[in-house]
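J.: So that you have it, the file is input.cif, and it contains mmCIF, N, CA, C and O atoms:
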data_coords
loop_
_atom_site.label_atom_id
_atom_site.label_comp_id
_atom_site.auth_asym_id
_atom_site.auth_seq_id
_atom_site.Cartn_x
_atom_site.Cartn_y
_atom_site.Cartn_z
N ARG I 1 -7.87 21.65 -17.81
CA ARG I 1 -8.17 20.24 -17.72
C ARG I 1 -6.94 19.42 -17.40
O ARG I 1 -7.05 18.43 -16.68
N ALA I 2 -5.83 19.80 -17.94
CA ALA I 2 -4.61 19.03 -17.73
C ALA I 2 -4.22 18.98 -16.27
O ALA I 2 -3.59 18.04 -15.83
N SER I 3 -4.62 20.00 -15.51
CA SER I 3 -4.27 20.02 -14.09
C SER I 3 -5.29 19.26 -13.25
O SER I 3 -5.18 19.23 -12.04
N GLY I 4 -6.32 18.66 -13.87
CA GLY I 4 -7.31 17.88 -13.15
C GLY I 4 -8.48 18.70 -12.64
O GLY I 4 -9.34 18.18 -11.95
N LEU I 5 -8.55 19.97 -12.98
CA LEU I 5 -9.65 20.82 -12.55
C LEU I 5 -10.81 20.69 -13.52
O LEU I 5 -10.60 20.56 -14.72
N ALA I 6 -12.01 20.73 -12.99
CA ALA I 6 -13.18 20.61 -13.85
C ALA I 6 -14.10 21.80 -13.63
O ALA I 6 -14.84 21.85 -12.66
N LEU I 7 -14.03 22.77 -14.52
CA LEU I 7 -14.94 23.90 -14.48
C LEU I 7 -16.16 23.55 -15.31
O LEU I 7 -16.06 22.84 -16.32
N SER I 8 -17.31 24.08 -14.90
CA SER I 8 -18.51 23.88 -15.70
C SER I 8 -18.38 24.68 -17.00
O SER I 8 -17.51 25.55 -17.14
N LYS I 9 -19.25 24.39 -17.94
CA LYS I 9 -19.22 25.11 -19.21
C LYS I 9 -19.36 26.61 -18.99
O LYS I 9 -18.62 27.40 -19.57
N ARG I 10 -20.30 27.02 -18.16
CA ARG I 10 -20.53 28.44 -17.89
C ARG I 10 -19.35 29.07 -17.15
O ARG I 10 -18.97 30.20 -17.45
N GLU I 11 -18.80 28.36 -16.18
CA GLU I 11 -17.63 28.88 -15.47
C GLU I 11 -16.49 29.13 -16.45
O GLU I 11 -15.84 30.18 -16.40
N LEU I 12 -16.29 28.19 -17.35
CA LEU I 12 -15.25 28.34 -18.36
C LEU I 12 -15.54 29.50 -19.30
O LEU I 12 -14.65 30.30 -19.61
N GLU I 13 -16.79 29.63 -19.73
CA GLU I 13 -17.16 30.75 -20.61
C GLU I 13 -16.90 32.09 -19.94
O GLU I 13 -16.38 33.02 -20.57
N VAL I 14 -17.26 32.21 -18.67
CA VAL I 14 -17.04 33.46 -17.93
C VAL I 14 -15.55 33.73 -17.78
O VAL I 14 -15.09 34.85 -18.02
N CYS I 15 -14.78 32.73 -17.41
CA CYS I 15 -13.33 32.92 -17.24
C CYS I 15 -12.67 33.33 -18.55
O CYS I 15 -11.87 34.27 -18.58
N VAL I 16 -13.01 32.65 -19.63
CA VAL I 16 -12.44 32.97 -20.93
C VAL I 16 -12.86 34.38 -21.36
O VAL I 16 -12.05 35.16 -21.87
N GLY I 17 -14.11 34.72 -21.11
CA GLY I 17 -14.59 36.06 -21.45
C GLY I 17 -13.86 37.14 -20.69
O GLY I 17 -13.48 38.18 -21.26
N LEU I 18 -13.62 36.91 -19.42
CA LEU I 18 -12.88 37.89 -18.61
C LEU I 18 -11.43 37.99 -19.07
O LEU I 18 -10.87 39.08 -19.16
N LEU I 19 -10.83 36.86 -19.39
CA LEU I 19 -9.46 36.86 -19.89
C LEU I 19 -9.37 37.57 -21.24
O LEU I 19 -8.33 38.14 -21.58
N ALA I 20 -10.45 37.55 -22.01
CA ALA I 20 -10.48 38.23 -23.30
C ALA I 20 -10.72 39.73 -23.15
O ALA I 20 -10.73 40.45 -24.14
N GLY I 21 -10.92 40.18 -21.92
CA GLY I 21 -11.06 41.61 -21.67
C GLY I 21 -12.48 42.11 -21.52
O GLY I 21 -12.71 43.31 -21.41
N HIS I 22 -13.45 41.21 -21.50
CA HIS I 22 -14.84 41.63 -21.34
C HIS I 22 -15.14 41.90 -19.87
O HIS I 22 -14.54 41.30 -18.98
N THR I 23 -16.08 42.78 -19.62
CA THR I 23 -16.53 43.07 -18.26
C THR I 23 -17.68 42.13 -17.90
O THR I 23 -18.28 41.50 -18.78
N ALA I 24 -18.00 42.07 -16.62
CA ALA I 24 -19.12 41.25 -16.18
C ALA I 24 -20.43 41.69 -16.84
O ALA I 24 -21.19 40.83 -17.31
N PRO I 25 -20.72 42.99 -16.92
CA PRO I 25 -21.96 43.39 -17.62
C PRO I 25 -21.97 42.98 -19.10
O PRO I 25 -23.01 42.58 -19.63
N GLU I 26 -20.83 43.08 -19.77
CA GLU I 26 -20.75 42.66 -21.17
C GLU I 26 -21.02 41.17 -21.31
O GLU I 26 -21.76 40.73 -22.19
N LEU I 27 -20.41 40.39 -20.42
CA LEU I 27 -20.62 38.94 -20.47
C LEU I 27 -22.06 38.58 -20.15
O LEU I 27 -22.63 37.67 -20.75
N ALA I 28 -22.65 39.28 -19.19
CA ALA I 28 -24.04 39.02 -18.83
C ALA I 28 -24.95 39.22 -20.04
O ALA I 28 -25.81 38.39 -20.33
N GLU I 29 -24.72 40.30 -20.76
CA GLU I 29 -25.53 40.56 -21.96
C GLU I 29 -25.27 39.51 -23.03
O GLU I 29 -26.20 38.98 -23.64
N GLN I 30 -24.01 39.19 -23.24
CA GLN I 30 -23.63 38.22 -24.28
C GLN I 30 -24.18 36.83 -23.98
O GLN I 30 -24.62 36.12 -24.89
N LEU I 31 -24.18 36.43 -22.70
CA LEU I 31 -24.61 35.09 -22.32
C LEU I 31 -26.07 35.04 -21.87
O LEU I 31 -26.55 33.99 -21.44
N ALA I 32 -26.76 36.18 -21.95
CA ALA I 32 -28.16 36.29 -21.52
C ALA I 32 -28.33 35.90 -20.05
O ALA I 32 -29.20 35.11 -19.69
N LEU I 33 -27.45 36.46 -19.21
CA LEU I 33 -27.48 36.21 -17.78
C LEU I 33 -27.54 37.54 -17.04
O LEU I 33 -27.31 38.60 -17.63
N LYS I 34 -27.79 37.48 -15.75
CA LYS I 34 -27.70 38.67 -14.91
C LYS I 34 -26.24 38.85 -14.49
O LYS I 34 -25.49 37.87 -14.42
N VAL I 35 -25.86 40.09 -14.21
CA VAL I 35 -24.49 40.37 -13.79
C VAL I 35 -24.14 39.57 -12.53
O VAL I 35 -23.05 39.00 -12.42
N ASN I 36 -25.07 39.47 -11.60
CA ASN I 36 -24.82 38.69 -10.37
C ASN I 36 -24.54 37.22 -10.68
O ASN I 36 -23.74 36.59 -9.99
N THR I 37 -25.19 36.70 -11.69
CA THR I 37 -24.96 35.30 -12.08
C THR I 37 -23.56 35.13 -12.66
O THR I 37 -22.86 34.17 -12.33
N VAL I 38 -23.12 36.08 -13.47
CA VAL I 38 -21.76 36.05 -14.01
C VAL I 38 -20.76 36.08 -12.86
O VAL I 38 -19.79 35.31 -12.84
N GLU I 39 -20.99 36.97 -11.90
CA GLU I 39 -20.10 37.07 -10.74
C GLU I 39 -20.09 35.77 -9.94
O GLU I 39 -19.05 35.36 -9.42
N SER I 40 -21.24 35.10 -9.85
CA SER I 40 -21.31 33.82 -9.13
C SER I 40 -20.49 32.75 -9.84
O SER I 40 -19.79 31.97 -9.18
N TYR I 41 -20.57 32.71 -11.16
CA TYR I 41 -19.75 31.75 -11.91
C TYR I 41 -18.27 32.02 -11.70
O TYR I 41 -17.48 31.09 -11.54
N LEU I 42 -17.90 33.29 -11.71
CA LEU I 42 -16.50 33.64 -11.47
C LEU I 42 -16.07 33.22 -10.07
O LEU I 42 -14.99 32.65 -9.90
N LYS I 43 -16.93 33.45 -9.10
CA LYS I 43 -16.60 33.08 -7.72
C LYS I 43 -16.41 31.57 -7.59
O LYS I 43 -15.45 31.10 -6.98
N ARG I 44 -17.32 30.80 -8.18
CA ARG I 44 -17.19 29.33 -8.11
C ARG I 44 -15.94 28.84 -8.82
O ARG I 44 -15.25 27.95 -8.32
N ALA I 45 -15.64 29.42 -9.98
CA ALA I 45 -14.42 29.03 -10.70
C ALA I 45 -13.19 29.39 -9.88
O ALA I 45 -12.24 28.61 -9.81
N SER I 46 -13.21 30.56 -9.25
CA SER I 46 -12.08 30.99 -8.42
C SER I 46 -11.84 30.02 -7.27
O SER I 46 -10.69 29.68 -6.97
N ILE I 47 -12.91 29.56 -6.65
CA ILE I 47 -12.79 28.60 -5.54
C ILE I 47 -12.19 27.30 -6.06
O ILE I 47 -11.26 26.75 -5.46
N LYS I 48 -12.69 26.81 -7.20
CA LYS I 48 -12.17 25.57 -7.77
C LYS I 48 -10.70 25.68 -8.14
O LYS I 48 -9.94 24.73 -8.00
N LEU I 49 -10.31 26.86 -8.64
CA LEU I 49 -8.93 27.07 -9.08
C LEU I 49 -8.01 27.47 -7.94
O LEU I 49 -6.79 27.52 -8.11
N GLY I 50 -8.60 27.80 -6.78
CA GLY I 50 -7.79 28.22 -5.63
C GLY I 50 -7.20 29.61 -5.82
O GLY I 50 -6.08 29.87 -5.37
N ILE I 51 -7.96 30.49 -6.48
CA ILE I 51 -7.50 31.85 -6.70
C ILE I 51 -8.49 32.83 -6.08
O ILE I 51 -9.53 32.42 -5.58
N SER I 52 -8.17 34.13 -6.16
CA SER I 52 -9.01 35.09 -5.44
C SER I 52 -9.70 36.12 -6.32
O SER I 52 -10.16 37.12 -5.81
N GLY I 53 -9.78 35.94 -7.61
CA GLY I 53 -10.50 36.90 -8.43
C GLY I 53 -9.93 37.04 -9.82
O GLY I 53 -9.12 36.24 -10.28
N ARG I 54 -10.36 38.11 -10.49
CA ARG I 54 -10.02 38.30 -11.90
C ARG I 54 -8.53 38.42 -12.16
O ARG I 54 -8.00 37.83 -13.09
N HIS I 55 -7.85 39.20 -11.36
CA HIS I 55 -6.41 39.38 -11.58
C HIS I 55 -5.66 38.07 -11.32
O HIS I 55 -4.74 37.72 -12.06
N SER I 56 -6.09 37.36 -10.31
CA SER I 56 -5.48 36.06 -10.03
C SER I 56 -5.77 35.06 -11.13
O SER I 56 -4.96 34.18 -11.41
N LEU I 57 -6.93 35.20 -11.77
CA LEU I 57 -7.28 34.32 -12.88
C LEU I 57 -6.26 34.47 -14.01
O LEU I 57 -5.78 33.48 -14.57
N THR I 58 -5.90 35.69 -14.32
CA THR I 58 -4.91 35.93 -15.37
C THR I 58 -3.56 35.35 -14.98
O THR I 58 -2.90 34.68 -15.78
N ARG I 59 -3.15 35.57 -13.73
CA ARG I 59 -1.87 35.01 -13.27
C ARG I 59 -1.91 33.49 -13.32
O ARG I 59 -0.95 32.84 -13.72
N TRP I 60 -3.03 32.88 -12.90
CA TRP I 60 -3.15 31.42 -12.91
C TRP I 60 -3.05 30.89 -14.33
O TRP I 60 -2.37 29.91 -14.59
N MET I 61 -3.72 31.57 -15.27
CA MET I 61 -3.75 31.11 -16.66
C MET I 61 -2.35 31.03 -17.25
O MET I 61 -2.05 30.13 -18.03
N TYR I 62 -1.49 31.95 -16.86
CA TYR I 62 -0.14 31.99 -17.43
C TYR I 62 0.91 31.35 -16.54
O TYR I 62 2.09 31.40 -16.85
N SER I 63 0.48 30.72 -15.46
CA SER I 63 1.45 30.04 -14.58
C SER I 63 1.86 28.71 -15.19
O SER I 63 1.10 28.08 -15.93
N PRO I 64 3.06 28.24 -14.87
CA PRO I 64 3.51 26.94 -15.40
C PRO I 64 2.60 25.78 -14.99
O PRO I 64 2.41 24.85 -15.76
N LEU I 65 2.00 25.82 -13.79
CA LEU I 65 1.14 24.74 -13.32
C LEU I 65 -0.11 24.60 -14.17
O LEU I 65 -0.60 23.50 -14.39
N ALA I 66 -0.66 25.72 -14.64
CA ALA I 66 -1.89 25.66 -15.44
C ALA I 66 -1.63 25.06 -16.81
O ALA I 66 -2.54 24.57 -17.45
N ASN I 67 -0.40 25.09 -17.25
CA ASN I 67 -0.08 24.64 -18.60
C ASN I 67 0.54 23.25 -18.64
O ASN I 67 1.02 22.82 -19.67
N ASN I 68 0.53 22.54 -17.52
CA ASN I 68 1.08 21.16 -17.49
C ASN I 68 0.08 20.18 -18.02
O ASN I 68 -1.05 20.28 -17.96
#
Let me see whether you can do it: turn the structure in this file into structure tokens.
T.:
Amino acid sequence: RASGLALSKRELEVCVGLLAGHTAPELAEQLALKVNTVESYLKRASIKLGISGRHSLTRWMYSPLANN
């Protein structure tokens, strides 16, 4: 939020879940969604954050820009 980005509640839940080490199938079960839906939320969040996937999500989370 501090960087001015606005992820939806679900996008944030998926990103946090992936950062916590959960897989897409685990998150789908936990959030009562289909795996494709979890992947769609990740894709939308990645576009908003200007990153290219799960590994980039971790790098973004720990970058100085994300913590300003």
J.: Show me the residues close to (-19.4, 41.4, -18.5) - anything with an atom within 12 Å, counting only C-alpha atoms - and format the list as a ChimeraX atom specification.
T.: /I:13-39,41-42,54
J.: Once DSSP has gone over the backbone, tell me which residues of chain I are in helix (DSSP H, G or I), as a compact mmCIF listing (two decimals) with N, CA, C and O atoms, keeping the file's coordinate frame.
T.:
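Printed below is selection19.txt as written:
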# COMPACT_ATOMS: atom_id res chain seq x y z
N LYS I 9 -19.25 24.39 -17.94
CA LYS I 9 -19.22 25.11 -19.21
C LYS I 9 -19.36 26.61 -18.99
O LYS I 9 -18.62 27.40 -19.57
N ARG I 10 -20.30 27.02 -18.16
CA ARG I 10 -20.53 28.44 -17.89
C ARG I 10 -19.35 29.07 -17.15
O ARG I 10 -18.97 30.20 -17.45
N GLU I 11 -18.80 28.36 -16.18
CA GLU I 11 -17.63 28.88 -15.47
C GLU I 11 -16.49 29.13 -16.45
O GLU I 11 -15.84 30.18 -16.40
N LEU I 12 -16.29 28.19 -17.35
CA LEU I 12 -15.25 28.34 -18.36
C LEU I 12 -15.54 29.50 -19.30
O LEU I 12 -14.65 30.30 -19.61
N GLU I 13 -16.79 29.63 -19.73
CA GLU I 13 -17.16 30.75 -20.61
C GLU I 13 -16.90 32.09 -19.94
O GLU I 13 -16.38 33.02 -20.57
N VAL I 14 -17.26 32.21 -18.67
CA VAL I 14 -17.04 33.46 -17.93
C VAL I 14 -15.55 33.73 -17.78
O VAL I 14 -15.09 34.85 -18.02
N CYS I 15 -14.78 32.73 -17.41
CA CYS I 15 -13.33 32.92 -17.24
C CYS I 15 -12.67 33.33 -18.55
O CYS I 15 -11.87 34.27 -18.58
N VAL I 16 -13.01 32.65 -19.63
CA VAL I 16 -12.44 32.97 -20.93
C VAL I 16 -12.86 34.38 -21.36
O VAL I 16 -12.05 35.16 -21.87
N GLY I 17 -14.11 34.72 -21.11
CA GLY I 17 -14.59 36.06 -21.45
C GLY I 17 -13.86 37.14 -20.69
O GLY I 17 -13.48 38.18 -21.26
N LEU I 18 -13.62 36.91 -19.42
CA LEU I 18 -12.88 37.89 -18.61
C LEU I 18 -11.43 37.99 -19.07
O LEU I 18 -10.87 39.08 -19.16
N LEU I 19 -10.83 36.86 -19.39
CA LEU I 19 -9.46 36.86 -19.89
C LEU I 19 -9.37 37.57 -21.24
O LEU I 19 -8.33 38.14 -21.58
N ALA I 24 -18.00 42.07 -16.62
CA ALA I 24 -19.12 41.25 -16.18
C ALA I 24 -20.43 41.69 -16.84
O ALA I 24 -21.19 40.83 -17.31
N PRO I 25 -20.72 42.99 -16.92
CA PRO I 25 -21.96 43.39 -17.62
C PRO I 25 -21.97 42.98 -19.10
O PRO I 25 -23.01 42.58 -19.63
N GLU I 26 -20.83 43.08 -19.77
CA GLU I 26 -20.75 42.66 -21.17
C GLU I 26 -21.02 41.17 -21.31
O GLU I 26 -21.76 40.73 -22.19
N LEU I 27 -20.41 40.39 -20.42
CA LEU I 27 -20.62 38.94 -20.47
C LEU I 27 -22.06 38.58 -20.15
O LEU I 27 -22.63 37.67 -20.75
N ALA I 28 -22.65 39.28 -19.19
CA ALA I 28 -24.04 39.02 -18.83
C ALA I 28 -24.95 39.22 -20.04
O ALA I 28 -25.81 38.39 -20.33
N GLU I 29 -24.72 40.30 -20.76
CA GLU I 29 -25.53 40.56 -21.96
C GLU I 29 -25.27 39.51 -23.03
O GLU I 29 -26.20 38.98 -23.64
N GLN I 30 -24.01 39.19 -23.24
CA GLN I 30 -23.63 38.22 -24.28
C GLN I 30 -24.18 36.83 -23.98
O GLN I 30 -24.62 36.12 -24.89
N LEU I 31 -24.18 36.43 -22.70
CA LEU I 31 -24.61 35.09 -22.32
C LEU I 31 -26.07 35.04 -21.87
O LEU I 31 -26.55 33.99 -21.44
N VAL I 35 -25.86 40.09 -14.21
CA VAL I 35 -24.49 40.37 -13.79
C VAL I 35 -24.14 39.57 -12.53
O VAL I 35 -23.05 39.00 -12.42
N ASN I 36 -25.07 39.47 -11.60
CA ASN I 36 -24.82 38.69 -10.37
C ASN I 36 -24.54 37.22 -10.68
O ASN I 36 -23.74 36.59 -9.99
N THR I 37 -25.19 36.70 -11.69
CA THR I 37 -24.96 35.30 -12.08
C THR I 37 -23.56 35.13 -12.66
O THR I 37 -22.86 34.17 -12.33
N VAL I 38 -23.12 36.08 -13.47
CA VAL I 38 -21.76 36.05 -14.01
C VAL I 38 -20.76 36.08 -12.86
O VAL I 38 -19.79 35.31 -12.84
N GLU I 39 -20.99 36.97 -11.90
CA GLU I 39 -20.10 37.07 -10.74
C GLU I 39 -20.09 35.77 -9.94
O GLU I 39 -19.05 35.36 -9.42
N SER I 40 -21.24 35.10 -9.85
CA SER I 40 -21.31 33.82 -9.13
C SER I 40 -20.49 32.75 -9.84
O SER I 40 -19.79 31.97 -9.18
N TYR I 41 -20.57 32.71 -11.16
CA TYR I 41 -19.75 31.75 -11.91
C TYR I 41 -18.27 32.02 -11.70
O TYR I 41 -17.48 31.09 -11.54
N LEU I 42 -17.90 33.29 -11.71
CA LEU I 42 -16.50 33.64 -11.47
C LEU I 42 -16.07 33.22 -10.07
O LEU I 42 -14.99 32.65 -9.90
N LYS I 43 -16.93 33.45 -9.10
CA LYS I 43 -16.60 33.08 -7.72
C LYS I 43 -16.41 31.57 -7.59
O LYS I 43 -15.45 31.10 -6.98
N ARG I 44 -17.32 30.80 -8.18
CA ARG I 44 -17.19 29.33 -8.11
C ARG I 44 -15.94 28.84 -8.82
O ARG I 44 -15.25 27.95 -8.32
N ALA I 45 -15.64 29.42 -9.98
CA ALA I 45 -14.42 29.03 -10.70
C ALA I 45 -13.19 29.39 -9.88
O ALA I 45 -12.24 28.61 -9.81
N SER I 46 -13.21 30.56 -9.25
CA SER I 46 -12.08 30.99 -8.42
C SER I 46 -11.84 30.02 -7.27
O SER I 46 -10.69 29.68 -6.97
N ILE I 47 -12.91 29.56 -6.65
CA ILE I 47 -12.79 28.60 -5.54
C ILE I 47 -12.19 27.30 -6.06
O ILE I 47 -11.26 26.75 -5.46
N LYS I 48 -12.69 26.81 -7.20
CA LYS I 48 -12.17 25.57 -7.77
C LYS I 48 -10.70 25.68 -8.14
O LYS I 48 -9.94 24.73 -8.00
N LEU I 49 -10.31 26.86 -8.64
CA LEU I 49 -8.93 27.07 -9.08
C LEU I 49 -8.01 27.47 -7.94
O LEU I 49 -6.79 27.52 -8.11
N ARG I 54 -10.36 38.11 -10.49
CA ARG I 54 -10.02 38.30 -11.90
C ARG I 54 -8.53 38.42 -12.16
O ARG I 54 -8.00 37.83 -13.09
N HIS I 55 -7.85 39.20 -11.36
CA HIS I 55 -6.41 39.38 -11.58
C HIS I 55 -5.66 38.07 -11.32
O HIS I 55 -4.74 37.72 -12.06
N SER I 56 -6.09 37.36 -10.31
CA SER I 56 -5.48 36.06 -10.03
C SER I 56 -5.77 35.06 -11.13
O SER I 56 -4.96 34.18 -11.41
N LEU I 57 -6.93 35.20 -11.77
CA LEU I 57 -7.28 34.32 -12.88
C LEU I 57 -6.26 34.47 -14.01
O LEU I 57 -5.78 33.48 -14.57
N THR I 58 -5.90 35.69 -14.32
CA THR I 58 -4.91 35.93 -15.37
C THR I 58 -3.56 35.35 -14.98
O THR I 58 -2.90 34.68 -15.78
N ARG I 59 -3.15 35.57 -13.73
CA ARG I 59 -1.87 35.01 -13.27
C ARG I 59 -1.91 33.49 -13.32
O ARG I 59 -0.95 32.84 -13.72
N TRP I 60 -3.03 32.88 -12.90
CA TRP I 60 -3.15 31.42 -12.91
C TRP I 60 -3.05 30.89 -14.33
O TRP I 60 -2.37 29.91 -14.59
N MET I 61 -3.72 31.57 -15.27
CA MET I 61 -3.75 31.11 -16.66
C MET I 61 -2.35 31.03 -17.25
O MET I 61 -2.05 30.13 -18.03
N LEU I 65 2.00 25.82 -13.79
CA LEU I 65 1.14 24.74 -13.32
C LEU I 65 -0.11 24.60 -14.17
O LEU I 65 -0.60 23.50 -14.39
N ALA I 66 -0.66 25.72 -14.64
CA ALA I 66 -1.89 25.66 -15.44
C ALA I 66 -1.63 25.06 -16.81
O ALA I 66 -2.54 24.57 -17.45
N ASN I 67 -0.40 25.09 -17.25
CA ASN I 67 -0.08 24.64 -18.60
C ASN I 67 0.54 23.25 -18.64
O ASN I 67 1.02 22.82 -19.67
J.: So how far away is atom C of Ser52 (chain I) from atom N of Lys9 (chain I), in Å?
T.: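 These two atoms are separated by 19.1 Å.
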J.: To one decimal in Å, tell me the separation between atom C of Arg44 (chain I) and CA of Thr58 (chain I).
T.: 14.7 Å
J.: Quick one, how far is atom N of Ser40 (chain I) from CA of Leu57 (chain I)?
T.: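 Calculated distance between atom N of Ser40 (chain I) and CA of Leu57 (chain I) is 14.3 Å.
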J.: Give me the box for region 7-22 of chain I as lines of an AutoDock Vina configuration file, namely the centre and edge lengths in Å to one decimal of a box along x, y and z that holds every listed atom plus 5 Å on each side.
T.:
center_x = -14.4
center_y = 33.0
center_z = -19.3
size_x = 22.2
size_y = 30.5
size_z = 19.7
